[in-house]
Amino acid sequence: MKAAQWDPAQQKVVVNEVPKPSPGPGQFLIRLASASLCHSDLMSMAMPHEKPITIGHEGAGYIEEIDPAAENKGFKVGEGVGFTYIVNYCDECEGCAVHNNHCLTKKSRVHGFDEPGLFAEYAAVDATSCITLPEELSPETSSPIFCGGITAFHCVDSCELQPGQWLVIIGCGGLGQLAVQYAKAMGFKVVGIDINDEILATAKSQGADSVFNSRSNPNYIEEAKDFMDRGPNKGADAVAVFSAATAAYKSAPPLVKLGGIIMVVGLPAAGVTFDALDIARGTYRVKGDSTGIPRRMKKAIDFTAKHHIKPEIETHKSLDAVNGMVERMKKGELTKRQVVQFV
Ligand SMILES: [Zn+2]
Ligand SMILES: [Zn+2]
């Protein structure tokens, strides 16, 4: 089968012919229908791999084969599924109750990092990581839900907001755009902040009540707070930072109301810094969320289907496109999720 692999010797993604996997104990063999590029894939490509590794951890597809130990789990051959991107976790320990990355067996592996990834015609995935796609979500377009979408949903859902309250979304690219859609569908009022007018226009068209360009408008913090007009405790009820820029994190405390929540989503390489006194006296609370664990997926998937949440995608028909997608992502040129559809 064909797979798009990061080749550490050539420092680029090449399409190689590799053996088709077979499902291990408790696994399904999946025929991929779509796979998409996520920012974290760049983290894998920056790691010291000894040999080419198939990249990608966002996928959706059809069950092609079921290992005997994965039978009678409510799935059948031919069914469309999505899945989290971790294999070989125990699903029982305290680590797996938080995120399967933390499985205390230390044996869990991540697609595209230390397990063959999903930019491939087939992949073996753990049955416990799968969810049946509702009919509204086609496997051909749903890969971006299975990291980006679920992450955006959880990060909005965990902001502890009531309908009518204000959420500021800093960074309105891929995940931020999804967050705008989820937040509006949950009944929140949304301010989008970004440095790119084209991205802000998309956020506005997806329902943001107002948008501000933090690069071209030096007064955007005051203007955003005036726009929200919350009374003397000025600022948003929650601020979710989807950007990975340190400057984006610096702008979060002045935008959040006293006692509000700052949601950590974007991952600056240098980490994030908050004022200890602010945290100690509750000026704001800092939280984080991510894809979470398989048993949390259903709420996100049901909500996505019910409210017709759709990521902005650009589709490609061949794995040959992956290297170009990666190059454009590295240059910061992408405004839409890049999806390979397998035909
Ligand atoms: Zn991801
Ligand atoms: Zn575990």
# chains A, B, ... in the order shown; residues from 1 in each chain; ligands from 1
>>> residues_near_ligand(ligand="ligand 1", cutoff="9 Å", atoms="only C-alpha atoms and all ligand atoms", output="list in words")
Leu37, Cys38, His39, Ser40, Asp41, Gly56, His57, Glu58, Tyr85, Pro144, Phe146, Cys147, Gly148, Thr151 and Thr291 of chain A
>>> write_last_selection(atoms="N, CA, C and O atoms", output="PDB file, in the first residue's frame")
ATOM      1  N   LEU A  37      -3.904  17.035   7.795  1.00  0.00           N
ATOM      2  CA  LEU A  37      -2.681  17.510   8.439  1.00  0.00           C
ATOM      3  C   LEU A  37      -3.039  18.361   9.655  1.00  0.00           C
ATOM      4  O   LEU A  37      -3.864  19.266   9.563  1.00  0.00           O
ATOM      5  N   CYS A  38      -2.419  18.046  10.763  1.00  0.00           N
ATOM      6  CA  CYS A  38      -2.633  18.792  12.010  1.00  0.00           C
ATOM      7  C   CYS A  38      -1.300  19.436  12.372  1.00  0.00           C
ATOM      8  O   CYS A  38      -0.234  18.914  12.041  1.00  0.00           O
ATOM      9  N   HIS A  39      -1.358  20.579  13.064  1.00  0.00           N
ATOM     10  CA  HIS A  39      -0.135  21.286  13.414  1.00  0.00           C
ATOM     11  C   HIS A  39       0.837  20.410  14.189  1.00  0.00           C
ATOM     12  O   HIS A  39       2.056  20.508  14.019  1.00  0.00           O
ATOM     13  N   SER A  40       0.304  19.525  15.031  1.00  0.00           N
ATOM     14  CA  SER A  40       1.202  18.680  15.843  1.00  0.00           C
ATOM     15  C   SER A  40       2.024  17.726  14.988  1.00  0.00           C
ATOM     16  O   SER A  40       3.018  17.178  15.460  1.00  0.00           O
ATOM     17  N   ASP A  41       1.603  17.494  13.727  1.00  0.00           N
ATOM     18  CA  ASP A  41       2.421  16.637  12.862  1.00  0.00           C
ATOM     19  C   ASP A  41       3.821  17.223  12.684  1.00  0.00           C
ATOM     20  O   ASP A  41       4.793  16.487  12.499  1.00  0.00           O
ATOM     21  N   GLY A  56       0.812  11.635  10.213  1.00  0.00           N
ATOM     22  CA  GLY A  56      -0.624  11.877  10.260  1.00  0.00           C
ATOM     23  C   GLY A  56      -1.305  11.192  11.430  1.00  0.00           C
ATOM     24  O   GLY A  56      -1.040  10.034  11.717  1.00  0.00           O
ATOM     25  N   HIS A  57      -2.164  11.958  12.129  1.00  0.00           N
ATOM     26  CA  HIS A  57      -2.917  11.363  13.240  1.00  0.00           C
ATOM     27  C   HIS A  57      -4.383  11.748  13.189  1.00  0.00           C
ATOM     28  O   HIS A  57      -5.121  11.517  14.130  1.00  0.00           O
ATOM     29  N   GLU A  58      -4.808  12.369  12.068  1.00  0.00           N
ATOM     30  CA  GLU A  58      -6.228  12.690  11.907  1.00  0.00           C
ATOM     31  C   GLU A  58      -6.773  11.849  10.769  1.00  0.00           C
ATOM     32  O   GLU A  58      -6.382  12.040   9.609  1.00  0.00           O
ATOM     33  N   TYR A  85      -6.071   8.958  18.217  1.00  0.00           N
ATOM     34  CA  TYR A  85      -4.866   8.605  17.453  1.00  0.00           C
ATOM     35  C   TYR A  85      -3.840   7.843  18.281  1.00  0.00           C
ATOM     36  O   TYR A  85      -2.652   7.901  18.018  1.00  0.00           O
ATOM     37  N   PRO A 144     -10.768  15.840   9.792  1.00  0.00           N
ATOM     38  CA  PRO A 144     -10.374  16.970  10.653  1.00  0.00           C
ATOM     39  C   PRO A 144     -11.108  17.023  11.989  1.00  0.00           C
ATOM     40  O   PRO A 144     -10.685  17.732  12.904  1.00  0.00           O
ATOM     41  N   PHE A 146     -11.297  14.503  13.934  1.00  0.00           N
ATOM     42  CA  PHE A 146     -10.679  13.562  14.871  1.00  0.00           C
ATOM     43  C   PHE A 146      -9.281  13.951  15.324  1.00  0.00           C
ATOM     44  O   PHE A 146      -8.334  13.192  15.253  1.00  0.00           O
ATOM     45  N   CYS A 147      -9.177  15.142  15.712  1.00  0.00           N
ATOM     46  CA  CYS A 147      -8.149  15.762  16.524  1.00  0.00           C
ATOM     47  C   CYS A 147      -8.627  17.194  16.622  1.00  0.00           C
ATOM     48  O   CYS A 147      -9.128  17.595  17.669  1.00  0.00           O
ATOM     49  N   GLY A 148      -8.584  17.914  15.473  1.00  0.00           N
ATOM     50  CA  GLY A 148      -8.949  19.330  15.491  1.00  0.00           C
ATOM     51  C   GLY A 148     -10.351  19.598  16.027  1.00  0.00           C
ATOM     52  O   GLY A 148     -10.537  20.411  16.929  1.00  0.00           O
ATOM     53  N   THR A 151     -10.918  18.556  19.700  1.00  0.00           N
ATOM     54  CA  THR A 151     -10.160  19.476  20.552  1.00  0.00           C
ATOM     55  C   THR A 151     -10.884  20.815  20.674  1.00  0.00           C
ATOM     56  O   THR A 151     -11.065  21.342  21.779  1.00  0.00           O
ATOM     57  N   THR A 291      -7.996  16.618  22.843  1.00  0.00           N
ATOM     58  CA  THR A 291      -8.886  15.585  22.308  1.00  0.00           C
ATOM     59  C   THR A 291      -9.503  14.734  23.410  1.00  0.00           C
ATOM     60  O   THR A 291     -10.541  14.134  23.208  1.00  0.00           O
TER      61      THR A 291
END
>>> residues_near_ligand(ligand="ligand 2", cutoff="12 Å", atoms="only C-alpha atoms and all ligand atoms", output="compact mmCIF listing (two decimals) with N, CA, C and O atoms, in the first residue's frame")
# COMPACT_ATOMS: atom_id res chain seq x y z
N ILE A 86 -4.32 7.13 19.29
CA ILE A 86 -3.38 6.43 20.17
C ILE A 86 -3.70 4.94 20.15
O ILE A 86 -4.87 4.55 20.10
N VAL A 87 -2.67 4.11 20.16
CA VAL A 87 -2.85 2.65 20.19
C VAL A 87 -2.12 2.06 21.38
O VAL A 87 -1.23 2.69 21.97
N ASN A 88 -2.52 0.84 21.72
CA ASN A 88 -1.82 0.04 22.73
C ASN A 88 -1.87 0.64 24.13
O ASN A 88 -0.96 0.45 24.92
N TYR A 89 -2.93 1.38 24.43
CA TYR A 89 -3.13 1.87 25.80
C TYR A 89 -4.04 0.87 26.51
O TYR A 89 -4.74 0.08 25.88
N CYS A 90 -4.02 0.90 27.88
CA CYS A 90 -4.75 -0.15 28.60
C CYS A 90 -6.23 0.20 28.79
O CYS A 90 -7.04 -0.69 29.00
N ASP A 91 -6.56 1.48 28.76
CA ASP A 91 -7.95 1.95 28.93
C ASP A 91 -8.49 1.71 30.35
O ASP A 91 -9.69 1.83 30.57
N GLU A 92 -7.64 1.36 31.28
CA GLU A 92 -8.12 1.04 32.63
C GLU A 92 -7.40 1.81 33.74
O GLU A 92 -7.92 1.95 34.83
N CYS A 93 -6.20 2.32 33.46
CA CYS A 93 -5.40 2.92 34.54
C CYS A 93 -5.81 4.38 34.77
O CYS A 93 -6.61 4.95 34.03
N GLU A 94 -5.24 4.97 35.80
CA GLU A 94 -5.56 6.38 36.11
C GLU A 94 -5.04 7.30 35.00
O GLU A 94 -5.63 8.34 34.74
N GLY A 95 -3.95 6.92 34.35
CA GLY A 95 -3.44 7.72 33.23
C GLY A 95 -4.44 7.74 32.09
O GLY A 95 -4.73 8.79 31.50
N CYS A 96 -5.00 6.58 31.77
CA CYS A 96 -5.97 6.49 30.67
C CYS A 96 -7.28 7.19 30.99
O CYS A 96 -8.06 7.47 30.09
N ALA A 97 -7.52 7.50 32.27
CA ALA A 97 -8.72 8.25 32.63
C ALA A 97 -8.54 9.74 32.31
O ALA A 97 -9.50 10.49 32.22
N VAL A 98 -7.27 10.15 32.15
CA VAL A 98 -6.97 11.57 31.85
C VAL A 98 -6.75 11.75 30.34
O VAL A 98 -7.43 12.54 29.69
N HIS A 99 -5.81 11.04 29.79
CA HIS A 99 -5.51 11.06 28.36
C HIS A 99 -4.68 9.82 28.09
O HIS A 99 -3.76 9.52 28.85
N ASN A 100 -4.98 9.10 27.01
CA ASN A 100 -4.29 7.84 26.77
C ASN A 100 -2.79 8.01 26.53
O ASN A 100 -2.03 7.04 26.63
N ASN A 101 -2.36 9.25 26.23
CA ASN A 101 -0.93 9.56 26.21
C ASN A 101 -0.25 9.22 27.53
O ASN A 101 0.93 8.93 27.58
N HIS A 102 -1.05 9.30 28.62
CA HIS A 102 -0.49 9.13 29.96
C HIS A 102 -0.61 7.69 30.46
O HIS A 102 -0.38 7.44 31.64
N CYS A 103 -0.99 6.74 29.59
CA CYS A 103 -1.20 5.36 30.05
C CYS A 103 -0.01 4.90 30.89
O CYS A 103 1.15 4.99 30.47
N LEU A 104 -0.31 4.44 32.10
CA LEU A 104 0.75 4.12 33.05
C LEU A 104 1.52 2.85 32.67
O LEU A 104 2.57 2.57 33.25
N THR A 105 1.02 2.09 31.69
CA THR A 105 1.81 0.95 31.20
C THR A 105 3.03 1.44 30.42
O THR A 105 3.95 0.67 30.16
N LYS A 106 3.03 2.73 30.05
CA LYS A 106 4.10 3.33 29.23
C LYS A 106 4.24 2.64 27.87
O LYS A 106 5.29 2.72 27.24
N LYS A 107 3.20 1.96 27.44
CA LYS A 107 3.29 1.23 26.18
C LYS A 107 2.44 1.87 25.08
O LYS A 107 2.39 1.35 23.96
N SER A 108 1.73 2.94 25.39
CA SER A 108 0.87 3.54 24.36
C SER A 108 1.72 4.24 23.30
O SER A 108 2.83 4.72 23.59
N ARG A 109 1.22 4.22 22.07
CA ARG A 109 1.94 4.85 20.96
C ARG A 109 0.98 5.74 20.19
O ARG A 109 -0.24 5.54 20.22
N ILE A 293 -10.24 11.65 25.91
CA ILE A 293 -10.21 10.19 25.84
C ILE A 293 -11.42 9.68 25.06
O ILE A 293 -12.42 10.39 24.92
>>> closest_residue(among="A:Gly61, A:Gly176, A:Pro23, A:Pro311", to="Ser138 in chain A", atoms="only C-alpha atoms")
A:Gly61
>>> select_by_dssp(residues="range 212-275 of chain A", states="alpha helix (DSSP H)", output="list in words")
Tyr220, Ile221, Glu222, Glu223, Ala224, Lys225, Asp226, Phe227, Met228, Thr246, Ala247, Ala248, Tyr249, Lys250, Ala252, Pro253, Pro254 and Leu255 of chain A
>>> write_last_selection(atoms="N, CA and C atoms", output="short mmCIF file (atom, residue, chain, number, x, y, z; two decimals), in the first residue's frame")
data_model
loop_
_atom_site.label_atom_id
_atom_site.label_comp_id
_atom_site.auth_asym_id
_atom_site.auth_seq_id
_atom_site.Cartn_x
_atom_site.Cartn_y
_atom_site.Cartn_z
N TYR A 220 -6.92 47.12 20.07
CA TYR A 220 -7.93 46.06 19.98
C TYR A 220 -8.42 45.55 21.33
N ILE A 221 -7.56 45.56 22.35
CA ILE A 221 -8.01 45.02 23.65
C ILE A 221 -9.11 45.90 24.24
N GLU A 222 -8.86 47.21 24.26
CA GLU A 222 -9.89 48.13 24.80
C GLU A 222 -11.15 48.10 23.95
N GLU A 223 -10.96 48.05 22.61
CA GLU A 223 -12.13 48.06 21.72
C GLU A 223 -12.95 46.78 21.89
N ALA A 224 -12.26 45.66 22.07
CA ALA A 224 -12.99 44.39 22.25
C ALA A 224 -13.76 44.42 23.57
N LYS A 225 -13.14 44.95 24.62
CA LYS A 225 -13.82 45.01 25.92
C LYS A 225 -15.01 45.97 25.86
N ASP A 226 -14.84 47.10 25.16
CA ASP A 226 -15.97 48.02 25.00
C ASP A 226 -17.10 47.36 24.23
N PHE A 227 -16.74 46.59 23.19
CA PHE A 227 -17.75 45.92 22.37
C PHE A 227 -18.56 44.94 23.22
N MET A 228 -17.87 44.20 24.09
CA MET A 228 -18.58 43.21 24.92
C MET A 228 -19.47 43.90 25.95
N THR A 246 3.47 33.36 21.51
CA THR A 246 3.63 33.88 22.88
C THR A 246 2.85 35.18 23.05
N ALA A 247 2.86 36.03 21.99
CA ALA A 247 2.15 37.31 22.06
C ALA A 247 0.66 37.08 22.29
N ALA A 248 0.12 36.01 21.72
CA ALA A 248 -1.31 35.72 21.88
C ALA A 248 -1.62 35.43 23.36
N TYR A 249 -0.73 34.68 24.00
CA TYR A 249 -0.94 34.38 25.43
C TYR A 249 -0.80 35.62 26.29
N LYS A 250 0.10 36.54 25.88
CA LYS A 250 0.27 37.78 26.65
C LYS A 250 -1.00 38.62 26.62
N ALA A 252 -4.05 37.50 26.63
CA ALA A 252 -5.22 36.87 27.25
C ALA A 252 -5.60 37.49 28.60
N PRO A 253 -4.65 37.67 29.56
CA PRO A 253 -5.06 38.23 30.86
C PRO A 253 -5.77 39.58 30.75
N PRO A 254 -5.29 40.52 29.92
CA PRO A 254 -6.03 41.79 29.85
C PRO A 254 -7.40 41.68 29.20
N LEU A 255 -7.68 40.57 28.50
CA LEU A 255 -8.98 40.43 27.82
C LEU A 255 -10.02 39.71 28.67
#
>>> closest_residue(among="A:Leu32, A:Ala185, A:Leu267, A:Leu258", to="Arg281 in chain A", atoms="only C-alpha atoms")
A:Leu258
>>> closest_residue(among="A:Phe153, A:Tyr182, A:Phe212, A:Phe28", to="His307 in chain A", atoms="only C-alpha atoms")
A:Tyr182
>>> closest_atom_pairs(of="range 236-334 of chain A", to="range 154-165 of chain A", cutoff="8 Å", atoms="only C-alpha atoms", output="CSV")
residue,atom,partner,partner_atom,distance
A:Ala236,CA,A:Gln165,CA,7.9
A:Asp237,CA,A:Gln165,CA,6.3
A:Ala238,CA,A:Cys159,CA,6.2
A:Ala240,CA,A:Cys155,CA,7.4
A:Ile261,CA,A:Cys159,CA,6.5
A:Met263,CA,A:Cys155,CA,6.8
A:Val265,CA,A:Cys155,CA,7.1
A:Gly288,CA,A:Cys155,CA,7.1
A:Asp289,CA,A:Cys155,CA,5.4
A:Ser290,CA,A:His154,CA,6.4
A:Thr291,CA,A:His154,CA,7.0
A:Gly292,CA,A:His154,CA,7.8
A:Ala300,CA,A:His154,CA,7.3
>>> closest_residue(among="A:Lys257, A:Leu319, A:Ala46, A:Ala270", to="Asn16 in chain A", atoms="only C-alpha atoms")
A:Leu319
>>> closest_residue(among="A:Ala152, A:Val191, A:Val239, A:Val343", to="Ile301 in chain A", atoms="only C-alpha atoms")
A:Ala152
>>> closest_residue(among="A:Gly149, A:Gln5, A:Glu71, A:Lys76", to="Met297 in chain A", atoms="only C-alpha atoms")
A:Gly149
>>> residues_around(residues="Thr335 in chain A", least_positions_apart="2", cutoff="9 Å", atoms="only C-alpha atoms", output="NGL selection string")
:A and (173-174 or 198-199 or 312-313 or 332-333 or 337)
